[in-house]
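Asks: The following block contains the structure, expressed as structure tokens.
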Amino acid sequence: MRLPLINILFRHELKILSRNRVLLSLSALIIFILVSALWIGSSMLRKQEQTIIKISQSEKESLDSLKTRIKRIEAHQMVYPGFIWDDPTFAYNTARNEGPNYAVKKPFPLQVLSIGQSDVQPFYYKVYINKKQYLTYESEIENSFLQFIGNFDFAFVVIYLFPLLIIVFSYNVLSAEKEQGTWVLLKTSNQSIAQMMICRMGIRYLLFTSFFWLIVIPVLMITIGGDALFTVNWTWIMAEVSLYFAFWFALALLVNSFSMTSNVNAMVLIFIWLFTGIIIPNLLQIGLNKVYPIPSRIDMLTAERDAINAYFEKDGQDLTKEVFSSPKSMIRQASVVTPGMVYGYGVIVYKSQEIKDQATAVAEEKLYGQIRKQQEGIRQLQLLSPALMMQERLSALAGSHWYQFNQFSMDTDRFRKKTQEFYYPKMADENTYRTFSIADADAIPKFNAKDYHDFSWLKIWQSFLIYLGIIILLLVSGYRRLLEARK
């Protein structure tokens, strides 16, 4: 098709869209929806960033307090005037009081686009030698990725609302010509109807997508700065979203090619949106939860308790008897708490925590093993729904996917192991259990916080090419049908 004709069609489309006020109303709606969604996403990002700042301040204040107290005790010949269980020169006391540090998952700036798991999965833990504690959520465990429709963020409006706007923008490209009586004129033209329809749909796609990015990019530069827009993640987000829009325009072209009325076109397209975006994901949610049921929090706690009780009924009793009967501990003879008793409790914690960690690992594997199977099921069945594909891609590229939070959780477990390796030799050795010094305070392990925005585990090229092939198939099918168009 020649360039002059494309220019004529472009001006023609602008006139049509302006005359029936679709362009104005749709533009206003797009601006309102996008600005609202990005504001909500940026608000949650700022909240997490403020929490992380408070965590950093809390860690600094705790370390300063610990070092001040140790200096005071050392200056008074290791005499502590307070309760012995608060004496920071005992490694066991420090390990459970001021010593624990935080593990933090820094939010990736593009998280404003997809809140994903970031509002239901922990983005920080306070790491003790015996546990990793999250201070906000203690609700029932479930795979929130399967709760497909969630926050009103950029990902939600792109996946679920913008297909409806595209339907409004494209459902009657051909049928309107028949209903307005201009179809006969088109038939008498020496230009191919198929080519003109393809060109008109392409013009509408370019108008819609270009306007979309003209709104999104400036808002993001204002809210999160421009650095995140020069990342590979952002390039892929633009490619995936543009491809998703192309899918719905190509589908609209195919539906238009059947020469049905505008009302029928709209109903068919809305049904496809409802089926692929709502029905299929919810059926998968029910099915995958049935096939791979996730154990409840009660089941996990019961499994941990049974394993711990089994330990204390055997080896734990012997250990307790050995430690508390030793002259060092003198628990039977002491009417007050002695340093030996603090040492004894440190040994008990050190020895018993190993079996507790093993029990916890078994219980958590039951949970995360089932979720991994659900995730794999989603990955294998995502071709059934472009909404599934987009949700997984956007959350991964924004750094808020379940997989990335799981990586953070595993890194936190490794950090807790490192913390244990630091404290255990100090608190479970008679020569070091009360020698915690300023140098030790400075050597307390700290977590290396990062944002976990890597998506190398995601086969993004594969799904992108598959959906590109689907779009080409839809376009070719619609084009072939339009070539055979009759009155």
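By convention in this document, the chains of the structure tokens carry letters A, B, ... by their order, each chain's residues are numbered from 1, and ligands are numbered from 1 in the order they are shown.
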Find the spatial neighbours of Phe271 in chain A, counting only C-alpha atoms, within a cut-off of 12 Å - ignore same-chain residues fewer than 6 positions away - and output them as a VMD selection string.
Replies: chain A and resid 163 to 164 167 255 264 to 265 277 to 279
Asks: Can you tell me, as a list in words, what residues are no more than 12 Å from Leu17 in chain A when counting only C-alpha atoms, ignoring any on the same chain fewer than 6 positions away?
Replies: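 Close residues of Leu17 in chain A: Phe10, Arg11, Leu23, Leu24, Ser25, Leu26, Ser27, Val168, Phe169, Ser170, Asn172, Val173, Arg200, Ile203, Arg204, Leu207 and Phe208 of chain A.
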Asks: Calculated over only C-alpha atoms, which of the candidates A:Trp273, A:Pro293, A:Tyr403, A:Lys71 has the smallest distance to Gln370 in chain A?
Replies: A:Pro293
Asks: Per DSSP on the backbone, what are the alpha helix (DSSP H) residues of range 68-308 of chain A, as a ChimeraX atom specification?
Replies: /A:68-75,91-96,154-156,162-170,175-179,183-188,193-223,232-256,262-274,280-291,297-308
Asks: Would you list the contacts of Met197 in chain A as number ranges by chain, taking every protein, DNA or RNA residue within 12 Å and counting only C-alpha atoms, but skipping same-chain residues closer than 2 positions in sequence?
Replies: A: 1, 6, 9-10, 13, 170, 172-177, 183, 186, 191-195, 199-204, 249-250, 252-254, 256-257, 475, 478-483, 485
Asks: May I ask which of the residues A:His12, A:Pro425, A:Arg372, A:Val241 is the closest one to Met390 in chain A, counting only C-alpha atoms?
Replies: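 The answer is A:Val241, which sits nearest to Met390 in chain A.
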Asks: Would you list the contacts of Val104 in chain A as a list of chain:residue names, taking every protein, DNA or RNA residue within 9 Å and counting only C-alpha atoms, but skipping same-chain residues closer than 6 positions in sequence?
Replies: A:Ile52, A:Ile55, A:Pro122, A:Phe123, A:Tyr124, A:Tyr125, A:Lys126, A:Phe408, A:Thr412, A:Phe447, A:Asn448, A:Ala449, A:Lys450, A:Asp451
Asks: Selected residues, C-alpha atoms, written as an mmCIF file, in the first residue's frame, please.
Replies:
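And here is the file that came out, out06.cif:
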```
data_model
loop_
_atom_site.group_PDB
_atom_site.id
_atom_site.type_symbol
_atom_site.label_atom_id
_atom_site.label_comp_id
_atom_site.auth_asym_id
_atom_site.auth_seq_id
_atom_site.Cartn_x
_atom_site.Cartn_y
_atom_site.Cartn_z
ATOM 1 C CA ILE A 52 13.495 -0.044 55.040
ATOM 2 C CA ILE A 55 14.896 -0.710 59.682
ATOM 3 C CA PRO A 122 7.594 -10.631 53.526
ATOM 4 C CA PHE A 123 10.109 -8.135 52.162
ATOM 5 C CA TYR A 124 12.048 -8.123 55.442
ATOM 6 C CA TYR A 125 12.759 -10.482 58.325
ATOM 7 C CA LYS A 126 14.314 -9.956 61.722
ATOM 8 C CA PHE A 408 14.998 -13.849 49.119
ATOM 9 C CA THR A 412 17.555 -15.207 54.534
ATOM 10 C CA PHE A 447 22.565 -9.133 55.311
ATOM 11 C CA ASN A 448 23.526 -7.990 51.827
ATOM 12 C CA ALA A 449 20.247 -6.393 50.698
ATOM 13 C CA LYS A 450 19.384 -6.502 46.985
ATOM 14 C CA ASP A 451 16.292 -6.080 44.858
#
```
Asks: If you count only C-alpha atoms, which residues fall within 12 Å of Asp442 in chain A, apart from same-chain ones fewer than 2 positions away, as a list of chain:residue names?
Replies: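 Close residues of Asp442 in chain A: A:Lys60, A:Ser62, A:Leu63, A:Asp64, A:Leu66, A:Lys67, A:Ile70, A:Gly99, A:Phe422, A:Phe436, A:Ser437, A:Ile438, A:Ala439, A:Asp440, A:Ile444, A:Pro445, A:Lys446.
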Asks: Create the file for the chosen residues now, containing C-alpha atoms and written as a short mmCIF file (atom, residue, chain, number, x, y, z; two decimals), in the first residue's frame.
Replies:
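again_1.cif written:
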```cif
data_model
loop_
_atom_site.label_atom_id
_atom_site.label_comp_id
_atom_site.auth_asym_id
_atom_site.auth_seq_id
_atom_site.Cartn_x
_atom_site.Cartn_y
_atom_site.Cartn_z
CA LYS A 60 22.19 1.42 63.82
CA SER A 62 20.64 -1.12 68.36
CA LEU A 63 24.33 -1.55 67.51
CA ASP A 64 25.24 1.79 69.10
CA LEU A 66 25.05 -2.55 72.37
CA LYS A 67 28.55 -1.08 72.00
CA ILE A 70 29.68 -3.21 76.49
CA GLY A 99 22.30 -8.82 68.24
CA PHE A 422 28.93 -16.54 64.39
CA PHE A 436 31.46 -10.59 73.81
CA SER A 437 33.39 -7.41 73.01
CA ILE A 438 33.24 -4.26 70.88
CA ALA A 439 35.12 -6.09 68.14
CA ASP A 440 32.51 -8.86 68.22
CA ILE A 444 27.99 -9.28 63.76
CA PRO A 445 26.90 -10.55 60.30
CA LYS A 446 24.85 -8.18 58.16
#
```
Asks: For each of A:Trp457, A:Phe108, A:Phe405, A:Phe415, take the minimum atom-to-atom distance to Asn233 in chain A, counting only C-alpha atoms, then give the residue where this is smallest.
Replies: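 Comparing A:Trp457, A:Phe108, A:Phe405, A:Phe415 against Asn233 in chain A, the winner is A:Phe108.
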Asks: Report, in Å to a single decimal, how far apart CA of Lys132 in chain A and CA of Gly82 in chain A are.
Replies: 28.2 Å
Asks: Restricting the calculation to only C-alpha atoms, which member of A:Gly287, A:Pro88, A:Gly377, A:Gly399 is positioned closest to Val112 in chain A?
Replies: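 Answer, going by the shortest atom-to-atom distance: A:Gly399.
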Asks: Between A:Arg46, A:Lys131, A:Arg393, A:Lys178, which has the minimum distance to Phe464 in chain A (counting only C-alpha atoms)?
Replies: A:Arg393
